[in-house]
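Asker: run-v3.cif is reproduced in full below (mmCIF, C-alpha atoms and all ligand atoms).
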```cif
data_final
#
loop_
_atom_site.label_atom_id
_atom_site.label_comp_id
_atom_site.auth_asym_id
_atom_site.auth_seq_id
_atom_site.Cartn_x
_atom_site.Cartn_y
_atom_site.Cartn_z
CA MET A 28 -1.62 28.15 3.25
CA ASN A 29 -3.62 24.97 3.80
CA ALA A 30 -6.17 23.81 1.24
CA GLU A 31 -9.67 24.22 2.58
CA CYS A 32 -11.49 20.89 2.93
CA ILE A 33 -15.16 21.44 2.16
CA GLY A 34 -16.45 18.00 3.06
CA LEU A 35 -16.96 14.56 1.57
CA VAL A 36 -18.41 13.83 -1.86
CA CYS A 37 -19.84 10.54 -3.10
CA ARG A 38 -17.75 8.90 -5.81
CA ASP A 39 -20.89 7.66 -7.59
CA CYS A 40 -23.84 10.03 -7.16
CA GLY A 41 -22.06 13.23 -6.13
CA THR A 42 -23.92 13.65 -2.83
CA LYS A 43 -22.00 16.06 -0.59
CA ILE A 44 -21.84 16.12 3.18
CA ALA A 45 -19.90 18.23 5.67
CA GLU A 46 -17.02 16.64 7.57
CA SER A 47 -19.04 17.13 10.76
CA GLU A 48 -21.72 14.81 9.32
CA PHE A 49 -19.08 12.11 8.76
CA SER A 50 -20.37 8.96 7.15
CA LEU A 51 -18.18 6.04 6.07
CA THR A 52 -20.15 5.68 2.84
CA CYS A 53 -22.61 7.81 0.89
CA PRO A 54 -25.83 8.33 2.87
CA SER A 55 -27.78 8.33 -0.42
CA CYS A 56 -26.38 5.38 -2.37
CA GLY A 57 -23.83 3.61 -0.15
CA ALA A 58 -20.85 4.18 -2.46
CA PRO A 59 -17.49 5.31 -1.03
CA MET A 60 -16.84 9.01 -0.45
CA ARG A 61 -13.89 11.21 -1.40
CA VAL A 62 -12.45 14.10 0.60
CA GLU A 63 -13.20 17.28 -1.32
CA PHE A 64 -11.25 20.53 -1.31
CA ALA A 65 -12.43 23.98 -2.40
CA ALA A 66 -11.96 24.70 -6.11
CA GLY A 67 -8.37 25.71 -6.81
CA ALA A 68 -7.39 25.18 -3.17
CA LEU A 69 -4.77 22.50 -3.85
CA ARG A 70 -3.14 24.59 -6.58
CA LYS A 71 -3.00 27.55 -4.22
CA ALA A 72 -1.65 25.46 -1.34
CA LEU A 73 1.22 24.26 -3.54
CA GLN A 74 1.82 27.46 -5.51
CA ASP A 75 5.30 27.81 -4.03
CA GLY A 76 6.20 24.25 -5.00
CA MET A 77 6.13 20.92 -3.24
CA PRO A 78 6.71 21.09 0.52
CA PRO A 79 10.16 19.84 1.54
CA TYR A 80 10.83 16.65 3.49
CA ASP A 81 9.86 17.00 7.14
CA ASP A 82 11.74 14.72 9.50
CA ARG A 83 8.93 14.73 12.06
CA SER A 84 6.12 13.24 9.97
CA TYR A 85 4.71 13.39 6.48
CA LEU A 86 1.53 14.64 8.12
CA TYR A 87 3.52 17.84 8.69
CA GLN A 88 5.10 17.76 5.24
CA TRP A 89 1.77 17.32 3.44
CA ARG A 90 -0.45 19.16 5.90
CA SER A 91 -1.35 21.84 3.35
CA ILE A 92 -3.14 19.21 1.24
CA LEU A 93 -4.58 17.08 4.05
CA PRO A 94 -7.97 17.61 5.72
CA LEU A 95 -6.57 18.64 9.10
CA SER A 96 -8.56 21.00 11.28
CA ASP A 97 -6.27 20.69 14.30
CA GLU A 98 -2.58 20.24 13.56
CA SER A 99 -1.77 19.86 17.24
CA LEU A 100 -3.23 16.34 16.99
CA ILE A 101 -0.34 15.24 14.74
CA ASP A 102 1.94 14.92 17.76
CA ARG A 103 -0.56 12.67 19.49
CA VAL A 104 -0.68 10.12 16.68
CA SER A 105 2.70 10.38 15.01
CA LEU A 106 5.16 7.49 15.08
CA GLY A 107 7.65 9.33 12.90
CA GLU A 108 6.09 8.29 9.58
CA THR A 109 8.24 10.41 7.28
CA GLU A 110 8.03 10.43 3.47
CA THR A 111 9.38 7.09 2.27
CA PRO A 112 12.55 6.65 0.16
CA LEU A 113 12.44 6.49 -3.63
CA LEU A 114 15.48 4.46 -4.69
CA ARG A 115 16.86 4.32 -8.20
CA SER A 116 17.46 0.75 -9.32
CA HIS A 117 21.12 -0.12 -9.85
CA ARG A 118 20.77 -3.54 -11.46
CA TYR A 119 17.29 -5.06 -11.32
CA GLY A 120 15.81 -2.74 -13.95
CA ARG A 121 18.77 -2.81 -16.31
CA LYS A 122 18.77 -6.62 -16.32
CA ARG A 123 15.18 -6.48 -17.54
CA GLY A 124 15.70 -3.76 -20.11
CA ILE A 125 14.25 -0.88 -18.06
CA SER A 126 16.93 1.77 -17.67
CA ASP A 127 14.90 4.22 -15.62
CA LEU A 128 13.47 2.20 -12.74
CA TYR A 129 12.75 3.37 -9.19
CA PHE A 130 11.50 1.60 -6.08
CA LYS A 131 9.19 3.40 -3.67
CA LEU A 132 9.91 1.77 -0.31
CA GLU A 133 6.58 2.08 1.44
CA GLN A 134 7.76 0.90 4.84
CA GLY A 135 6.35 3.09 7.58
CA PRO A 136 6.90 2.71 11.33
CA THR A 137 5.07 -0.66 11.33
CA LEU A 138 6.93 -1.68 8.14
CA SER A 139 4.17 -1.35 5.57
CA LEU A 140 2.32 1.15 3.40
CA LYS A 141 -0.70 0.96 5.69
CA ASP A 142 0.75 3.58 8.03
CA ARG A 143 0.23 6.30 5.43
CA GLY A 144 -3.54 5.89 5.61
CA THR A 145 -3.76 4.86 9.25
CA ALA A 146 -1.99 7.93 10.62
CA LEU A 147 -4.64 10.25 9.16
CA CYS A 148 -7.54 7.93 10.08
CA VAL A 149 -6.51 7.81 13.73
CA LEU A 150 -6.03 11.56 13.78
CA LYS A 151 -9.58 11.99 12.46
CA ALA A 152 -10.83 9.53 15.10
CA LEU A 153 -9.30 11.80 17.76
CA GLU A 154 -10.86 14.83 16.07
CA GLN A 155 -14.28 13.18 16.20
CA GLY A 156 -13.87 12.17 19.84
CA SER A 157 -13.92 8.40 19.21
CA GLU A 158 -12.38 6.18 21.86
CA THR A 159 -12.16 2.95 19.87
CA VAL A 160 -10.63 2.46 16.43
CA CYS A 161 -11.28 -0.79 14.61
CA LEU A 162 -11.08 -2.75 11.38
CA SER A 163 -11.13 -6.30 10.10
CA SER A 164 -7.70 -7.48 8.99
CA SER A 165 -5.19 -10.06 10.06
CA GLY A 166 -2.24 -8.50 8.31
CA ASN A 167 -0.42 -5.21 7.96
CA ASN A 168 -3.49 -3.05 8.43
CA ALA A 169 -4.24 -4.70 11.78
CA ALA A 170 -0.69 -4.08 12.99
CA SER A 171 -0.81 -0.49 11.80
CA ILE A 172 -4.11 0.38 13.46
CA SER A 173 -2.99 -1.33 16.67
CA ALA A 174 0.19 0.74 16.79
CA TYR A 175 -1.39 4.08 15.91
CA GLY A 176 -4.42 3.48 18.13
CA SER A 177 -2.19 2.73 21.11
CA ARG A 178 0.05 5.68 20.31
CA ALA A 179 -2.96 8.01 20.33
CA GLY A 180 -4.28 6.57 23.60
CA LEU A 181 -7.30 4.99 21.90
CA ARG A 182 -8.50 1.39 22.12
CA PRO A 183 -7.56 -0.53 18.96
CA VAL A 184 -9.80 -3.50 18.09
CA VAL A 185 -9.07 -5.80 15.17
CA PHE A 186 -11.35 -8.56 13.92
CA VAL A 187 -9.70 -11.65 12.45
CA GLN A 188 -10.95 -14.94 11.06
CA LYS A 189 -10.86 -18.25 12.94
CA HIS A 190 -7.96 -19.67 10.96
CA VAL A 191 -5.13 -17.22 11.46
CA SER A 192 -1.56 -18.06 12.38
CA ALA A 193 -0.09 -16.86 15.67
CA ALA A 194 2.77 -15.25 13.74
CA LYS A 195 0.34 -13.25 11.65
CA ILE A 196 -1.27 -11.53 14.63
CA SER A 197 1.80 -11.21 16.85
CA LYS A 198 2.57 -7.67 15.67
CA SER A 199 -0.97 -6.53 16.46
CA LEU A 200 -0.79 -8.08 19.92
CA VAL A 201 2.53 -6.43 20.73
CA TYR A 202 1.18 -3.06 19.55
CA GLY A 203 -1.68 -3.41 22.04
CA GLY A 204 -4.42 -4.43 19.63
CA ASN A 205 -7.49 -6.18 21.05
CA VAL A 206 -7.59 -9.08 18.62
CA ILE A 207 -11.08 -10.57 18.26
CA ARG A 208 -10.70 -13.99 16.62
CA ILE A 209 -14.20 -14.90 15.59
CA ASP A 210 -15.66 -18.27 14.75
CA GLY A 211 -15.91 -17.67 11.02
CA ASP A 212 -14.07 -16.48 7.91
CA MET A 213 -12.76 -13.02 7.00
CA ALA A 214 -16.09 -11.97 5.46
CA ALA A 215 -17.79 -12.78 8.76
CA ALA A 216 -15.12 -10.79 10.62
CA SER A 217 -15.82 -7.80 8.37
CA ARG A 218 -19.57 -8.05 8.92
CA LEU A 219 -19.14 -8.15 12.69
CA CYS A 220 -16.76 -5.20 12.60
CA GLY A 221 -19.36 -3.21 10.64
CA GLU A 222 -22.05 -4.16 13.15
CA MET A 223 -19.92 -2.96 16.08
CA VAL A 224 -19.29 0.32 14.26
CA ARG A 225 -23.03 0.85 13.82
CA LYS A 226 -24.02 -0.23 17.32
CA LYS A 227 -21.18 1.23 19.36
CA GLY A 228 -20.07 4.18 17.28
CA TRP A 229 -16.53 2.82 17.02
CA TYR A 230 -14.35 4.45 14.39
CA GLN A 231 -13.83 2.18 11.37
CA CYS A 232 -10.36 2.74 9.93
CA GLY A 233 -10.48 0.18 7.13
CA GLY A 234 -12.60 -0.45 4.05
CA PRO A 235 -14.23 2.65 2.62
CA ASN A 236 -12.92 5.22 5.13
CA PRO A 237 -12.34 8.30 2.91
CA TYR A 238 -9.52 9.59 5.13
CA ARG A 239 -7.56 6.40 4.58
CA VAL A 240 -7.51 7.09 0.85
CA ALA A 241 -6.87 10.81 1.43
CA GLY A 242 -3.80 9.89 3.49
CA LYS A 243 -2.61 7.26 1.04
CA ARG A 244 -2.80 9.66 -1.90
CA THR A 245 0.28 11.48 -0.56
CA PHE A 246 2.18 8.49 -2.01
CA ALA A 247 1.71 10.08 -5.45
CA TYR A 248 2.75 13.53 -4.23
CA GLY A 249 5.85 12.03 -2.62
CA ILE A 250 6.96 10.45 -5.88
CA VAL A 251 6.53 13.67 -7.87
CA GLN A 252 8.33 15.68 -5.23
CA GLN A 253 11.24 13.22 -5.19
CA LEU A 254 11.51 12.89 -8.98
CA GLY A 255 10.75 16.51 -9.81
CA ARG A 256 8.29 15.23 -12.44
CA ALA A 257 5.60 12.63 -12.96
CA PRO A 258 6.78 9.10 -13.69
CA ASP A 259 5.62 7.50 -16.95
CA THR A 260 4.49 4.20 -15.45
CA VAL A 261 3.67 3.19 -11.86
CA LEU A 262 3.16 -0.44 -10.82
CA ILE A 263 0.87 -0.85 -7.83
CA PRO A 264 -0.01 -4.12 -6.05
CA CYS A 265 -3.80 -4.46 -5.85
CA GLY A 266 -5.61 -6.35 -3.10
CA GLY A 267 -8.64 -4.34 -2.04
CA GLY A 268 -7.58 -1.66 -4.53
CA ALA A 269 -7.50 1.38 -2.21
CA GLY A 270 -3.84 2.04 -3.04
CA MET A 271 -4.59 2.28 -6.76
CA VAL A 272 -7.55 4.62 -6.19
CA ALA A 273 -5.46 6.79 -3.85
CA ALA A 274 -2.62 7.03 -6.38
CA PHE A 275 -5.11 8.00 -9.08
CA ASP A 276 -6.61 10.69 -6.83
CA GLY A 277 -3.18 12.12 -6.05
CA PHE A 278 -1.88 12.23 -9.61
CA SER A 279 -5.23 13.60 -10.89
CA GLU A 280 -5.12 16.43 -8.36
CA MET A 281 -1.56 17.31 -9.34
CA LEU A 282 -2.51 17.33 -13.03
CA GLU A 283 -5.44 19.62 -12.34
CA ALA A 284 -3.27 21.89 -10.20
CA GLY A 285 -0.68 22.13 -12.99
CA LEU A 286 2.05 20.41 -10.95
CA ILE A 287 2.50 17.66 -13.55
CA ASP A 288 1.85 17.85 -17.27
CA ARG A 289 0.33 14.39 -17.77
CA MET A 290 -0.86 11.35 -15.86
CA PRO A 291 1.42 8.36 -15.43
CA ARG A 292 0.04 5.06 -16.67
CA LEU A 293 -1.13 3.14 -13.62
CA VAL A 294 -0.55 -0.61 -13.73
CA GLY A 295 -2.26 -2.83 -11.16
CA VAL A 296 -0.63 -6.11 -10.19
CA GLN A 297 -2.31 -9.11 -8.57
CA LEU A 298 -1.38 -12.65 -7.69
CA ALA A 299 -2.38 -15.21 -10.29
CA ALA A 300 -3.84 -17.19 -7.38
CA CYS A 301 -6.39 -14.44 -6.72
CA ASN A 302 -6.83 -11.88 -9.49
CA PRO A 303 -10.47 -10.78 -9.70
CA THR A 304 -9.64 -7.21 -10.79
CA ALA A 305 -7.21 -8.30 -13.51
CA THR A 306 -9.78 -10.83 -14.72
CA ALA A 307 -12.50 -8.16 -14.91
CA PHE A 308 -10.12 -5.74 -16.65
CA HIS A 309 -9.20 -8.16 -19.41
CA ALA A 310 -12.83 -9.26 -19.82
CA GLY A 311 -13.77 -5.62 -20.44
CA LYS A 312 -16.06 -5.50 -17.41
CA ASP A 313 -16.85 -2.40 -15.35
CA VAL A 314 -17.32 -4.24 -12.08
CA VAL A 315 -15.30 -6.91 -10.32
CA THR A 316 -16.91 -10.23 -9.46
CA PRO A 317 -15.36 -12.61 -6.92
CA VAL A 318 -13.10 -15.42 -8.14
CA GLU A 319 -12.20 -18.60 -6.34
CA LYS A 320 -8.87 -18.31 -4.53
CA LYS A 321 -6.16 -20.78 -5.47
CA PRO A 322 -3.41 -21.78 -3.03
CA SER A 323 -0.54 -19.32 -2.71
CA LEU A 324 2.51 -18.90 -0.50
CA SER A 325 1.32 -15.34 0.08
CA ASP A 326 -1.67 -14.61 2.26
CA ALA A 327 -1.50 -10.87 1.55
CA ILE A 328 -3.39 -9.20 -1.34
CA MET A 329 -5.42 -12.41 -1.62
CA ASN A 330 -8.66 -10.43 -1.72
CA ASN A 331 -11.23 -12.15 -3.92
CA ASN A 332 -13.92 -9.50 -3.46
CA PRO A 333 -12.06 -6.17 -3.55
CA TYR A 334 -14.03 -3.27 -2.10
CA TRP A 335 -12.44 -0.72 -4.46
CA GLY A 336 -12.48 -3.02 -7.51
CA LYS A 337 -14.75 -0.89 -9.69
CA TYR A 338 -12.81 2.30 -8.96
CA CYS A 339 -9.52 0.49 -9.46
CA LEU A 340 -10.65 -0.51 -12.97
CA GLN A 341 -11.65 3.08 -13.69
CA ALA A 342 -8.25 4.38 -12.55
CA VAL A 343 -6.31 1.89 -14.66
CA ARG A 344 -8.41 2.51 -17.78
CA ALA A 345 -8.45 6.30 -17.41
CA THR A 346 -4.65 6.41 -17.43
CA GLY A 347 -4.10 3.93 -20.26
CA GLY A 348 -2.66 1.42 -17.81
CA THR A 349 -3.18 -2.31 -17.55
CA MET A 350 -3.63 -5.11 -15.03
CA LEU A 351 -1.06 -7.89 -14.66
CA SER A 352 -0.96 -11.14 -12.68
CA VAL A 353 2.15 -12.88 -11.38
CA THR A 354 2.73 -16.40 -10.10
CA ASP A 355 4.17 -17.43 -6.74
CA GLU A 356 7.36 -18.48 -8.50
CA GLU A 357 7.70 -15.04 -10.07
CA PHE A 358 7.24 -13.08 -6.84
CA ILE A 359 9.58 -15.32 -4.84
CA ARG A 360 12.22 -14.90 -7.51
CA ALA A 361 11.66 -11.12 -7.37
CA ILE A 362 12.09 -11.09 -3.57
CA ARG A 363 15.42 -12.89 -3.86
CA GLU A 364 16.69 -10.84 -6.78
CA LEU A 365 15.74 -7.54 -5.14
CA GLY A 366 17.71 -8.70 -2.10
CA ARG A 367 20.77 -9.78 -4.07
CA GLU A 368 20.78 -7.08 -6.74
CA GLU A 369 19.53 -4.05 -4.82
CA GLY A 370 19.84 -4.78 -1.08
CA ILE A 371 16.07 -4.49 -0.66
CA PHE A 372 14.00 -7.01 1.32
CA THR A 373 10.33 -6.71 0.46
CA GLU A 374 7.28 -8.79 1.35
CA PRO A 375 5.33 -10.84 -1.23
CA ALA A 376 2.58 -8.21 -1.51
CA GLY A 377 5.16 -5.62 -2.57
CA ALA A 378 7.37 -7.91 -4.64
CA VAL A 379 4.55 -8.55 -7.10
CA SER A 380 5.09 -5.08 -8.60
CA ALA A 381 8.76 -5.81 -9.34
CA ALA A 382 7.94 -9.35 -10.44
CA ALA A 383 5.48 -7.96 -13.00
CA LEU A 384 8.10 -5.93 -14.91
CA THR A 385 8.91 -8.75 -17.31
CA ARG A 386 5.24 -9.22 -18.12
CA LEU A 387 4.82 -5.46 -18.44
CA LEU A 388 7.32 -5.29 -21.31
CA ASP A 389 5.25 -7.94 -23.12
CA ALA A 390 2.00 -6.01 -22.65
CA PRO A 391 0.82 -4.15 -25.77
CA GLY A 392 1.99 -0.52 -25.70
CA PHE A 393 4.43 -1.03 -22.82
CA GLU A 394 7.54 -1.97 -24.79
CA GLN A 395 8.99 1.39 -23.67
CA PRO A 396 7.55 2.01 -20.20
CA GLY A 397 9.78 5.06 -19.66
CA LEU A 398 10.49 6.25 -16.13
CA THR A 399 8.93 3.49 -14.06
CA VAL A 400 8.17 3.27 -10.34
CA CYS A 401 7.45 0.01 -8.50
CA ASN A 402 5.56 0.35 -5.25
CA LEU A 403 7.18 -2.00 -2.74
CA THR A 404 4.42 -1.99 -0.16
CA GLY A 405 6.05 -3.53 2.89
CA HIS A 406 9.21 -4.90 4.46
CA GLY A 407 10.15 -8.53 3.93
CA LEU A 408 10.14 -9.10 7.68
CA ASN A 409 6.33 -9.08 7.51
CA ALA A 410 6.57 -12.54 5.92
CA PRO A 411 10.20 -13.67 6.28
CA GLN A 412 9.44 -17.37 5.94
CA VAL A 413 8.13 -17.07 2.38
CA ALA A 414 11.40 -16.35 0.62
CA THR A 415 13.79 -18.88 2.13
CA GLY A 416 13.73 -22.61 2.70
CA ASP A 417 15.27 -24.89 5.33
CA GLU A 418 17.69 -26.19 2.69
CA GLU A 419 19.40 -22.80 2.72
CA TYR A 420 20.47 -23.06 6.35
CA PRO A 421 24.26 -22.80 6.04
CA GLY A 422 26.33 -25.92 6.62
CA LEU A 423 29.13 -25.79 9.20
CA VAL A 424 32.45 -24.42 7.99
CA GLU A 425 35.69 -25.36 9.69
CA ALA A 426 37.16 -22.33 11.50
CA THR A 427 40.12 -21.77 9.15
CA SER A 428 40.67 -19.20 6.40
CA ALA A 429 41.30 -21.99 3.88
CA ALA A 430 37.89 -23.50 4.65
CA VAL A 431 36.25 -20.09 4.19
CA ASP A 432 37.93 -19.69 0.77
CA LYS A 433 36.77 -23.14 -0.28
CA TYR A 434 33.23 -22.50 0.93
CA LEU A 435 32.94 -19.19 -0.94
CA GLN A 436 34.24 -20.81 -4.14
CA GLU A 437 31.63 -23.54 -3.85
CA GLN A 438 28.95 -20.93 -3.28
CA ALA A 439 30.01 -19.01 -6.39
CA VAL A 440 29.66 -22.19 -8.45
CA SER A 441 26.30 -23.28 -7.02
CA GLY A 442 24.92 -19.73 -7.07
CA ALA A 443 25.04 -17.62 -3.93
CA GLY A 444 21.83 -17.80 -1.98
CA ARG A 445 20.20 -20.76 -3.69
CA LEU A 446 16.51 -20.28 -4.25
CA ARG A 447 14.20 -22.36 -2.18
CA SER A 448 13.31 -25.77 -3.52
CA ALA A 449 9.86 -24.54 -4.54
CA LEU A 450 11.58 -23.04 -7.56
ZN ZN B 501 -23.88 8.36 -3.49
#
```
As a first step, turn the structure in this file into structure tokens.

Answerer:
Amino acid sequence: MNAECIGLVCRDCGTKIAESEFSLTCPSCGAPMRVEFAAGALRKALQDGMPPYDDRSYLYQWRSILPLSDESLIDRVSLGETETPLLRSHRYGRKRGISDLYFKLEQGPTLSLKDRGTALCVLKALEQGSETVCLSSSGNNAASISAYGSRAGLRPVVFVQKHVSAAKISKSLVYGGNVIRIDGDMAAASRLCGEMVRKKGWYQCGGPNPYRVAGKRTFAYGIVQQLGRAPDTVLIPCGGGAGMVAAFDGFSEMLEAGLIDRMPRLVGVQLAACNPTATAFHAGKDVVTPVEKKPSLSDAIMNNNPYWGKYCLQAVRATGGTMLSVTDEEFIRAIRELGREEGIFTEPAGAVSAAALTRLLDAPGFEQPGLTVCNLTGHGLNAPQVATGDEEYPGLVEATSAAVDKYLQEQAVSGAGRLRSAL
């Protein structure tokens, strides 16, 4: 039996509206909204246990806890976004003194975690009769909305800043996104996107959209279903912070429904080059104020004014978690070591969670993090140039077995897969 969705509730003032009165943010105070279910509905929906893996889509697997009024729409949007793998670490964790480490490989059909939220957003756009879906992003979210919008037969529009590399937007273009490169920065792109939503009634899939977070919260359910219990610690990369808030929502619901017996500690990870939420956390502040960005080899999760910052802080504090920051050197090393030691290629935005493990063990109270999950939020192919340097291009080897032996011996001495010169 599906949990009955009774509307949207404001995260700040508690104002409630029906789904049919959809508003991106609270009509009373402007704060973000949360999808609300009838009291006890989630417990009832899951009374027979967690739904099993569904090889069509996780929208089918988790449909009893998603706000779906018309399940026939799943087929129209689905790109085969099944529940993502949870892999036990073979070497990476042990080398760092964490015996019980898992990686959640959040790589949907467009190779990032964004698909989890986008799939539900686009389905709701269809439900509401919208013809255009939009957001401001030049990265994974833009690619995801372009793919799902095209799949559903809608017009995807993405707003990007003036200075954006061709490589960065190529995925969106291939997926049929209408890329609007405006004469301004990302903040200006966001403002224009908001204006088009207000004037044209386009469906905004980014920022505060409550269905994005409702879709993303299945990440937490997936982990508990795969482990058969709640993890003790979860490391989550934080840019805008929606992923952290969604994880908190999911675990909180499961605790309330009696599916887990305690909350995991949620640990947010940012880049040292842009860490406004970590800065606010350690300064004891309740709100996040923008910081100046420093140069970084990553252009993902470099969000200096995170929309969900305040709620991200609340989630981390409520679970006894912490906020960590990692350097470029640390995340590049993590990318290479995950590749060599685990066979996993992750992008910088995801690698920060694995890179932060060493710092985690030094954080007060985290000497024994217990069963730990790192959220690897996207495939390395989203930013393949970051982890390798030209100096790694293999030299020519003479076509004889003796030359191959000699080459491999030299590699073993110099360290297979030398790290790029930046290290
Ligand atoms: Zn409100």

Asker: Rank nothing, just name the residue among A:Ser84, A:Ser171, A:Thr245, A:Ser177 nearest to Lys198 in chain A, using all atoms listed in the file.

Answerer: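 Looking at the shortest contact to Lys198 in chain A, the residue is A:Ser171.
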
Asker: For ligand ZN 501 (chain B), list the contacting residues at 6 Å or closer, counting all atoms listed in the file, as a PyMOL selection string.

Answerer: chain A and resi 37+39-42+53+55-58

Asker: Mind checking which residues fall within 8 Å of range 374-386 of chain A, counting all atoms listed in the file, ignoring those fewer than 6 positions away in the same chain, and posting them as a ChimeraX atom specification?

Answerer: /A:123,262-264,296-298,325,327-328,351-353,357-362,401-411,413

Asker: Generate the output file for the selected residues, C-alpha atoms, as a short mmCIF file (atom, residue, chain, number, x, y, z; two decimals), in the coordinates of the input.

Answerer:
```cif
data_model
loop_
_atom_site.label_atom_id
_atom_site.label_comp_id
_atom_site.auth_asym_id
_atom_site.auth_seq_id
_atom_site.Cartn_x
_atom_site.Cartn_y
_atom_site.Cartn_z
CA ARG A 123 15.18 -6.48 -17.54
CA LEU A 262 3.16 -0.44 -10.82
CA ILE A 263 0.87 -0.85 -7.83
CA PRO A 264 -0.01 -4.12 -6.05
CA VAL A 296 -0.63 -6.11 -10.19
CA GLN A 297 -2.31 -9.11 -8.57
CA LEU A 298 -1.38 -12.65 -7.69
CA SER A 325 1.32 -15.34 0.08
CA ALA A 327 -1.50 -10.87 1.55
CA ILE A 328 -3.39 -9.20 -1.34
CA LEU A 351 -1.06 -7.89 -14.66
CA SER A 352 -0.96 -11.14 -12.68
CA VAL A 353 2.15 -12.88 -11.38
CA GLU A 357 7.70 -15.04 -10.07
CA PHE A 358 7.24 -13.08 -6.84
CA ILE A 359 9.58 -15.32 -4.84
CA ARG A 360 12.22 -14.90 -7.51
CA ALA A 361 11.66 -11.12 -7.37
CA ILE A 362 12.09 -11.09 -3.57
CA CYS A 401 7.45 0.01 -8.50
CA ASN A 402 5.56 0.35 -5.25
CA LEU A 403 7.18 -2.00 -2.74
CA THR A 404 4.42 -1.99 -0.16
CA GLY A 405 6.05 -3.53 2.89
CA HIS A 406 9.21 -4.90 4.46
CA GLY A 407 10.15 -8.53 3.93
CA LEU A 408 10.14 -9.10 7.68
CA ASN A 409 6.33 -9.08 7.51
CA ALA A 410 6.57 -12.54 5.92
CA PRO A 411 10.20 -13.67 6.28
CA VAL A 413 8.13 -17.07 2.38
#
```

Asker: Could you tell me which of A:Ile196, A:Val104, A:Ala299, A:Val191 comes closest to Asp142 in chain A if we count all atoms listed in the file?

Answerer: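 Among the listed residues, the smallest separation from Asp142 in chain A belongs to A:Val104.
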
Asker: Of the candidates A:Asp127, A:Glu31, A:Asp212, A:Glu368, which one gets nearest to Arg70 in chain A if we count all atoms listed in the file?

Answerer: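 Counting all atoms listed in the file, the residue closest to Arg70 in chain A is A:Glu31.
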
Asker: May I ask which of the residues A:Gly144, A:Pro54, A:Pro258, A:Gly67 is the closest one to Ile172 in chain A, counting only C-alpha atoms?

Answerer: A:Gly144
